[in-house]
Every structure is written in C-alpha cells, then in structure tokens.
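Visitor: Before I ask anything, let me first share the structure, which is written out below as structure tokens.
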Amino acid sequence: MTVGIVTGAGRGMGAACAARLADMVDVLVLVDRDEVLLATQADMLASAGHRAQLEPFVLDVKDEGGVTRLAARVAELGPLRAVAHAAGLSPTMADWREILTVNLVGTARLVQACHVLAVPETAVVCFASVAALLALDQGHLPADVVLDDPLADGFLEKIREAVGPEIEDTGMAYTWSKRGVHRLVRREAVRFGQVGARICSVTPGMIDTPMGRQEAEARDTSAMLVDMSPIHREGLPDEVAAGATFLLSDEASFISGIDLPVDGGLVAAIQGGGGVLP
Amino acid sequence: MSTVVNVKNLLDPELRPVLGAFELPAVDAAGVAAMRSASFASPDLSDAVVRTEHQVPGDPPVAVRVHRAKEAVGLLPAIVTIHGGGYVIGSYDMDSPLLDRWCPGLRVVGVSVEYRLAPETPYPGPLDDCYAALRWTYDNAAELGIDKDRLGVYGLSAGGGLAAALALLARDRGEVPLAFVLLDCPMLDDRQQTPSIGSEGLYVWGQASNEFGWRSYLGDLYGSDEIPPYAAAAREAELAGLPPTCVIVGAIDGFRDEDIDYAQRLNQAGVPCELHVIAGLPHAYLLVPAAAAVQLAMHNMDDWLARQLARLTSS
C-alpha cells in the first residue's frame with residue numbers, strides 16, 4: 001500500500017501529474033484549495049479507471065495546520081511513495097506577501113511535514129519556474145541567506161530588507177520565491193538522503209495552462225519567450241508531468257537534489273545561445 | 001544494622017562549590033508552593049531541535065512536548081522522558097536541555113510529559129498521565145516520525161520512579177511494547193528503610209523531603225501495607241519480562257540502596273540490567289554538569305542508550 005500526494009491537483013500541471021501518479025501509487029491524495037475544481041478533477045480521474053484509490057483533500061498550502069493534518073492523514077494511509085508539489089501562485093494571482101508565503105514558505109512547510117514520513121522509497125518533486133533561472137542567474141548574497149530560511153520568524157520582512165522594496169513587485173516576488181524552491185531542494189536532498197529518500201525540482205518553461213494564459217495576458221514577455229524557445233511552441237501540462245513523474249519513478253532512483261528544466265530549451269537559448277535576458 | 005554514615009565529606013570535590021555552599025531547604029508544603037512558582041525553562045535551547053506542543057486527549061488532557069532534530073528525516077527511535085521533583089514539583093521544561101543533547105546526538109525523538117503533581121493529584125493520576133502520553137506516542141508513531149519498535153522511557157528521580165512503574169504497567173497491559181528503560185537515580189521505594197536513605201548529611205534530597213514526597217504521592221495509602229507496585233516499583237516482586245534497563249545512581253544519594261537492589265533483582269529475574277554507581281555523587285548531580293564524575297554519569301547514559309539503539313536497529 002503506497003501513498004502519493006499531488007498539490008495543485010485541480011487544474012494545469014498538477015492535474016496532469018495526478019493523472020500519471022494515479023498509476024504509480026495505491027492511494028493518491030489530491031490536494032487543492034478549490035473544492036469544486038478538486039471534486040471535478042477527482043471525478044474525471046475516477047471515471048478514467050486508474051490503479052489508485054483517490055482521496056480529495058481541500059487545503060491551501062499556506063495553512064500551516066492544514067499541512068499538519070495532511071501529513072497526519074498520509075501517516076494513517078501508509079508509506080509515502082511520491083509527492084508532486086505543483087501548487088503555487090503566479091504574479092497576477094496575489095500580492096507579493098502571499099506569493100512568497102504560498103510558493104516558498106508553504107513549500108518549506110510541506111517538505112518539512114514530509115520529513116517524518118520519509119522512507120527509502122519516498123521521492124518528492126517541487127515545481128519551480130524558469131523565471132528564477134532567467135532573471136536571477138547569479139549568486140545573490142546576502143539575500144540568499146535569508147531566502148534559505150523561509151520558516152524563520154519574520155521571513156517576509158527579512159527578505160524585503162535583503163532584496164529591497166522591488167520585491168513588492170509581484171513578478172519579483174514570484175521569481176525570488178521560485179529561486180527559493182530551487183535552493184530548498186538542494187538543501188533538502190541532503191536531509192532526505194539520510195533515509196535514502198530523494199527530492200528534486202522541475203522547472204517548467206512556457207506552458208499552456210490556465211495560469212500561463214492569465215500571465216500571458218498581463219505581460220508581453222510571455223509571447224516573446226515562447227518565440228525564443230528552440231522548440232517554437234508552448235509546452236503541454238502533460239509534458240511537464242512526464243518530467244516530474246520520471247523524477248518520482250524508480251527510473252530516477254539515483255537522482256536527487258537536481259533541477260530538471262522542462263522548457264523546450266528556453267534556458268539554453270537565453271543563457272548559452274546568445275539570446276538576451278528579457 | 002550498620003552504622004549511620006554521614007555523607008557530608010564524601011561529596012566529590014568538584015561539586016562542593018555548588019552543593020556545599022548552601023543547604024537546600026527540605027521540600028515541604030510551603031517549599032512546594034515557592035518552588036512551583038520558579039520557572040524550569042532553560043534560557044538557551046538549541047536551534048537544531050524543533051519542539052512542538054501536543055495535547056494527549058483524555059480527562060484531563062496531558063500536555064506533551066515532542067522534540068526532534070531539525071535535520072532528522074524518517075522514522076526514528078523515541079524516548080518518553082519523565083522529569084523529577086519528588087512527585088510534587090517540576091515541569092517538562094526540565095527535560096528540554098537533555099533532549100537538546102539526545103535528539104541530534106542519538107538521532108531520536110523525545111517526548112517529554114507534563115504530568116500532574118502531588119499532593120493535588122496523588123497516585124495513580126501522575127502515572128495515568130505518563131501512560132496516556134506513552135500510549136499516545138505509540139498510537140501516533142507514524143505521524144510523529146517514530147519507529148514504534150524502538151520506543152523507550154527515561155526518568156529522573158521521581159520521574160525514574162514513574163518510569164519504572166510505567167514499565168510494569170506497559171508489561172502487564174500488553175498494549176505498548178517498551179524497548180528500553182533508563183532510570184537516573186530513581187525514587188522507587190516508599191518504605192524508606194535502607195542504610196542510604198538513613199544517611200546523615202544527604203545533599204539536595206534528604207529524609208524529610210523524601211517522606212513529604214511519598215506522603216504527597218501516596219495520599220491515604222501512605223504508611224499502609226496496601227501500596228500497589230505501580231505506586232512504588234520497588235514493591236513489585238515479579239520483575240521478569242521487563243525491557244532491558246539501565247540504572248545510574250550516585251553513591252551518596254539516599255536512593256542508592258533501593259536503586260542497587262532494584263537493578264540486582266532485575267538481573268536476578270533475567271532482565272538485562274546495567275548498573276552504574278558513581279562515588280562522590282549525590283542526588284540530582286546534574287546540577288553540576290561540568291564535574292568530571294557527572295560527565296562520566298552522562299557518558300554512561302548516552303553510551304548505554306546508543307548501545308540499545310544499535311541493538312534495536314540490527315535486530
């Protein structure tokens with residue numbers, strides 16, 4: 001009896017991950033803050049006939065008590081095999097504080113909750129973003145020191161002080177939150193390795209999702225970035241889910257602490273191919 | 001009957017500056033009120049340990065604190081810790097410094113118990129609280145990241161008495177398999193007849209305090225022949241079937257003889273029991289952690305625990 005968790009399972013890349021993980025584990029806990037989306041998605045998956053028994057779990061990942069309840073439920077169900085943590089907020093969805101709280105603090109809490117659940121078979125994948133690789137491609141001391149302790153008291157004030165007031169721009173907050181996820185995964189790989197468990201990140205490029213479309217309407221750069229991708233199109237949610245599922249699978253049993261960009265070559269084109277930063 | 005020994009001059013010289021400088025007042029009803037108002041919280045606890053508060057459901061609920069190294073991942077062995085204080089004072093705060101050492105050092109989870117105190121709550125209330133905490137730890141092991149096959153108890157002084165009684169209760173109820181029991185100068189015997197408790201000049205915990213503690217804990221049972229072994233583990237005749245145990249006690253502790261006798265009887269009953277008697281140490285020697293003899297006692301405890309955990313991991 002193995003257990004999986006997918007967050008942000010109601011739509012987009014999270015939903016795509018759920019469809020794949022439903023064939024990898026025996027019980028799949030589907031997490032989303034939107035109860036209606038979640039129920040619809042669970043019904044769709046159930047009617048498609050997968051291996052896993054599905055368990056919808058309404059939760060906003062910024063709710064600390066909720067994350068604790070989720071971990072308690074998983075502990076009841078059985079050994080934790082796979083976590084695809086796709087839930088997150090993009091720049092047009094909230095203010096800077098909430099973006100950092102959900103994307104980075106929430107991720108740190110979820111990963112921390114997995115510490116007590118980790119067994120040798122456990123693998124975790126966190127969703128980052130190509131924005132962090134493109135806009136913040138160097139070392140950033142001393143902000144990184146603050147960024148590396150997202151569960152510290154007063155984290156939001158500390159990171160604002162370290163980065164500067166520009167972090168109040170939601171695009172910047174988003175970018176820093178995802179940089180934090182990249183760095184968290186490397187640190188956590190050392191911890192999870194204590195029991196032989198693994199953790200990685202995936203970095204989606206320009207993907208055709210409801211969230212991606214909302215961002216594209218708000219920013220001209222989205223179309224430009226699609227244009228700059230060596231594979232001249234947007235990616236599909238399932239193409240990212242395929243990368244995430246690979247990292248979670250036994251095929252990736254010796255892979256931990258890495259980031260896997262699933263971006264149609266966008267980072268390569270910009271950083272190595274003579275492109276210019278947006 | 002042997003002559004009464006005065007232990008005043010037998011104190012380890014390194015403890016003399018602290019324990020020899022003043023005489024601790026005997027614990028009585030007035031002293032209890034004063035000591036309860038003191039805080040037992042340590043000012044500087046480790047950042048490497050995460051402490052979370054939980055309420056064990058029951059009537060009344062029991063507060064427990066779960067201690068876990070921040071870096072620790074996966075299912076770990078666990079130690080339920082029961083603080084000292086003669087059954088009448090103390091707090092689970094007293095165990096936090098100890099678990100700051102054990103949680104990262106031994107890769108264990110600590111569960112410290114805020115049990116109710118006598119005389120307001122006499123036997124069996126405090127023991128019931130400890131059992132509720134033990135049972136809760138066992139039942140919620142997966143959620144707490146605890147390997148339920150590697151669960152032990154530790155107790156100091158009255159907490160050692162409760163830990164020994166808890167081991168009897170766990171054995172007899174058969175609900176929670178205990179893997180090890182560590183008793184640090186445990187308060188086991190309400191009869192107070194041994195040469196060591198009859199010594200003159202006892203440091204920290206003398207006859208008057210001891211009598212007050214037992215009177216408070218046993219309530220109406222005190223002085224009767226109706227004391228159940230769960231109230232005073234030294235009274236248990238059948239010690240077979242208990243988990244591997246370690247007993248540590250100072251040679252000038254009033255509890256020396258009851259502790260040695262208990263360890264002796266554990267071995268006679270076929271229970272693997274290690275016994276350390278350290279010359280020159282009085283009761284509550286941890287008040288002077290820097291002294292070499294105290295360091296030896298702590299090393300012996302840590303080393304014994306590490307050997308238990310190694311045994312359990314390889315079995």
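Numbering starts fresh at 1 for the residues of each chain in the structure tokens, the chains themselves are lettered A, B, ... in the order given, and ligands are numbered from 1 as they appear.
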Return the neighbours of chain A among the residues of chain B, cut-off 9 Å, counting only C-alpha atoms, as a list in words.

Guide: Lys70, Glu71, Ala72, Val73, Gly74, Leu75, Leu76, Asn140, Ala141, Ala142, Glu143, Leu144, Gly145 and Ile146 of chain B

Visitor: Just the alpha helix (DSSP H) stuff from segment 86-287 of chain B, please, per backbone DSSP, written as a VMD selection string.

Guide: chain B and resid 96 to 106 125 to 139 141 to 144 158 to 173 207 to 218 256 to 268

Visitor: Show me, as a PyMOL selection string, the residues that have an atom within 9 Å of Asp208 of chain A when counting only C-alpha atoms, minus same-chain residues fewer than 4 positions from it.

Guide: chain A and resi 12+212-213+234-237

Visitor: To one decimal place, how far is atom CA of Arg256 of chain B from atom CA of Gln193 of chain B in Å?

Guide: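 Those two atoms sit 11.9 Å apart.
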
Visitor: Write out as a list in words each polymer residue whose atoms come within 6 Å of segment 80-94 of chain A, counting only C-alpha atoms; drop sequence neighbours fewer than 3 positions from it.

Guide: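 Once the adjacent positions are removed, what remains is Thr2, Val3, Gly4, Ile5, Val6, Thr7, Gly8, Gly14, Ile99, Asn103, Glu121, Thr122, Ala123, Val124, Val125, Cys126, Phe127, Thr170, Gly171 and Tyr174 of chain A.
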
Visitor: Please return as a short mmCIF file (atom, residue, chain, number, x, y, z; two decimals) with N, CA and C atoms, in the first residue's frame: the residues of segment 96-307 of chain B that backbone DSSP assigns to strand (DSSP E or B).

Guide:
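What follows is the written file out_32.cif:
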data_model
loop_
_atom_site.label_atom_id
_atom_site.label_comp_id
_atom_site.auth_asym_id
_atom_site.auth_seq_id
_atom_site.Cartn_x
_atom_site.Cartn_y
_atom_site.Cartn_z
N VAL B 109 13.72 10.82 18.72
CA VAL B 109 12.66 11.78 19.03
C VAL B 109 12.43 11.73 20.54
N GLY B 110 12.30 12.87 21.18
CA GLY B 110 11.99 12.91 22.61
C GLY B 110 10.55 13.35 22.82
N VAL B 111 9.89 12.73 23.78
CA VAL B 111 8.52 13.13 24.13
C VAL B 111 8.50 13.40 25.64
N SER B 112 8.49 14.67 26.04
CA SER B 112 8.50 14.99 27.47
C SER B 112 7.07 15.23 27.95
N VAL B 113 6.80 14.78 29.16
CA VAL B 113 5.42 14.70 29.65
C VAL B 113 5.19 15.69 30.80
N GLU B 114 4.16 16.50 30.68
CA GLU B 114 3.77 17.42 31.76
C GLU B 114 2.71 16.73 32.62
N ILE B 146 8.09 8.29 14.24
CA ILE B 146 8.68 7.42 15.26
C ILE B 146 8.53 5.96 14.86
N ASP B 147 9.61 5.22 15.05
CA ASP B 147 9.59 3.78 14.84
C ASP B 147 9.07 3.12 16.12
N LYS B 148 7.85 2.60 16.09
CA LYS B 148 7.21 2.14 17.32
C LYS B 148 7.88 0.90 17.92
N ASP B 149 8.77 0.28 17.17
CA ASP B 149 9.50 -0.86 17.73
C ASP B 149 10.75 -0.41 18.49
N ARG B 150 11.03 0.86 18.48
CA ARG B 150 12.22 1.36 19.18
C ARG B 150 11.81 2.49 20.14
N LEU B 151 10.89 2.17 21.03
CA LEU B 151 10.34 3.15 21.95
C LEU B 151 10.75 2.82 23.37
N GLY B 152 11.37 3.79 24.05
CA GLY B 152 11.80 3.56 25.43
C GLY B 152 11.36 4.69 26.35
N VAL B 153 11.66 4.53 27.65
CA VAL B 153 11.34 5.60 28.60
C VAL B 153 12.58 5.93 29.42
N TYR B 154 12.59 7.17 29.84
CA TYR B 154 13.64 7.68 30.71
C TYR B 154 12.97 8.44 31.83
N GLY B 155 13.52 8.32 33.03
CA GLY B 155 13.00 9.13 34.13
C GLY B 155 14.09 9.44 35.12
N LEU B 156 13.97 10.62 35.72
CA LEU B 156 14.94 11.09 36.70
C LEU B 156 14.25 11.24 38.05
N PHE B 180 13.31 -0.22 25.95
CA PHE B 180 14.38 0.03 26.93
C PHE B 180 13.88 1.02 27.99
N VAL B 181 14.54 0.95 29.16
CA VAL B 181 14.17 1.82 30.29
C VAL B 181 15.46 2.36 30.91
N LEU B 182 15.55 3.68 30.99
CA LEU B 182 16.74 4.31 31.59
C LEU B 182 16.31 5.05 32.85
N LEU B 183 16.86 4.62 33.99
CA LEU B 183 16.45 5.17 35.28
C LEU B 183 17.63 5.92 35.90
N ASP B 184 17.48 7.23 36.03
CA ASP B 184 18.54 8.05 36.60
C ASP B 184 18.15 8.38 38.05
N GLU B 200 23.24 10.45 57.17
CA GLU B 200 23.20 11.85 57.62
C GLU B 200 23.85 12.74 56.56
N THR B 245 17.23 -2.59 30.97
CA THR B 245 17.17 -1.41 31.85
C THR B 245 18.57 -0.97 32.21
N CYS B 246 18.73 0.33 32.40
CA CYS B 246 19.98 0.86 32.96
C CYS B 246 19.62 1.71 34.16
N VAL B 247 20.35 1.49 35.26
CA VAL B 247 20.15 2.27 36.47
C VAL B 247 21.46 3.01 36.78
N ILE B 248 21.35 4.32 36.96
CA ILE B 248 22.52 5.11 37.34
C ILE B 248 22.20 5.84 38.64
N VAL B 249 23.14 5.79 39.60
CA VAL B 249 22.87 6.48 40.86
C VAL B 249 24.21 6.88 41.51
N GLY B 250 24.20 7.99 42.19
CA GLY B 250 25.37 8.42 42.94
C GLY B 250 25.51 7.63 44.22
N CYS B 273 20.23 -5.84 32.86
CA CYS B 273 20.26 -4.54 33.54
C CYS B 273 21.70 -4.11 33.80
N GLU B 274 21.99 -2.90 33.39
CA GLU B 274 23.31 -2.32 33.64
C GLU B 274 23.17 -1.36 34.82
N LEU B 275 24.16 -1.40 35.72
CA LEU B 275 24.10 -0.56 36.92
C LEU B 275 25.38 0.25 37.05
N HIS B 276 25.23 1.56 37.19
CA HIS B 276 26.39 2.42 37.43
C HIS B 276 26.21 3.12 38.77
N VAL B 277 27.15 2.90 39.68
CA VAL B 277 27.15 3.62 40.96
C VAL B 277 28.42 4.47 40.97
N ILE B 278 28.25 5.77 41.06
CA ILE B 278 29.40 6.65 40.92
C ILE B 278 29.71 7.33 42.24
#

Visitor: When you look at segment 227-244 of chain B with a cut-off of 10 Å (counting only C-alpha atoms), what residues show up, excluding the ones that are within fewer than 4 positions of it in the same chain? I need them as JSON, numbers by chain.

Guide: {"B": [122, 123, 124, 126, 127, 152, 160, 161, 162, 163, 164, 165, 166, 167, 168, 169, 170, 171, 172, 177, 178, 179, 180, 181, 182, 186, 187, 188, 189, 190, 191, 214, 217, 218, 221, 222, 223, 258, 259, 261, 262, 265, 266, 267, 268, 269, 270, 271, 272, 273, 274, 308]}

Visitor: Find the residues around Ser42 of chain B up to 9 Å (only C-alpha atoms counted), leave out those fewer than 3 positions away in its own chain, and share them as a list of chain:residue names.

Guide: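 What passes the distance filter is B:Ser39, B:Leu45, B:Asp93, B:Met94, B:Ser96, B:Pro97.
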
Visitor: Go ahead and save the residues from that selection, with N, CA and C atoms, as a PDB file, in the first residue's frame.

Guide:
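Okay, this is what ended up in part00.pdb:
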ATOM      1  N   SER B  39      10.532  29.112  37.450  1.00  0.00           N
ATOM      2  CA  SER B  39      10.472  28.584  36.092  1.00  0.00           C
ATOM      3  C   SER B  39      11.549  27.525  35.909  1.00  0.00           C
ATOM      4  N   LEU B  45      18.097  27.212  24.542  1.00  0.00           N
ATOM      5  CA  LEU B  45      17.910  25.886  23.957  1.00  0.00           C
ATOM      6  C   LEU B  45      18.419  25.883  22.518  1.00  0.00           C
ATOM      7  N   ASP B  93       9.654  21.221  31.158  1.00  0.00           N
ATOM      8  CA  ASP B  93      10.735  22.112  30.710  1.00  0.00           C
ATOM      9  C   ASP B  93      12.109  21.590  31.130  1.00  0.00           C
ATOM     10  N   MET B  94      12.143  20.870  32.259  1.00  0.00           N
ATOM     11  CA  MET B  94      13.418  20.386  32.775  1.00  0.00           C
ATOM     12  C   MET B  94      14.082  19.388  31.821  1.00  0.00           C
ATOM     13  N   SER B  96      14.084  19.584  28.464  1.00  0.00           N
ATOM     14  CA  SER B  96      14.477  20.129  27.159  1.00  0.00           C
ATOM     15  C   SER B  96      15.997  20.165  26.941  1.00  0.00           C
ATOM     16  N   PRO B  97      16.794  20.598  27.935  1.00  0.00           N
ATOM     17  CA  PRO B  97      18.249  20.585  27.703  1.00  0.00           C
ATOM     18  C   PRO B  97      18.774  19.173  27.423  1.00  0.00           C
TER      19      PRO B  97
END

Visitor: Just give me the gap between atom CA of Ser224 of chain B and atom CA of Asp257 of chain B in Å, one decimal is fine.

Guide: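 That distance, rounded to one decimal, is 21.6 Å.
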
Visitor: Would you mind listing what lies within 10 Å of Ala292 of chain B as JSON, numbers by chain, with only C-alpha atoms counted and same-chain residues fewer than 6 positions away left out?

Guide: {"B": [12, 14, 15, 298]}

Visitor: Using only C-alpha atoms, please write the residues we just selected to a file, as a CSV table (one decimal), in the first residue's frame.

Guide:
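Ended up saving to part31.csv:
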chain,number,residue,atom,x,y,z
B,12,ASP,CA,33.0,14.9,45.0
B,14,GLU,CA,34.2,19.3,42.1
B,15,LEU,CA,30.6,19.5,43.3
B,298,MET,CA,26.2,11.4,31.4

Visitor: As an exercise, work out the distance from atom CA of Ala118 of chain B to atom CA of Cys185 of chain B in Å and give it to one decimal place.

Guide: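 Computing the Euclidean distance for atom CA of Ala118 of chain B and atom CA of Cys185 of chain B yields 19.5 Å.
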
Visitor: For a quick check of understanding, using only C-alpha atoms, which of A:Met44, A:Met206, A:Val267, A:Leu104 has the smallest distance to Glu239 of chain A?

Guide: A:Met206
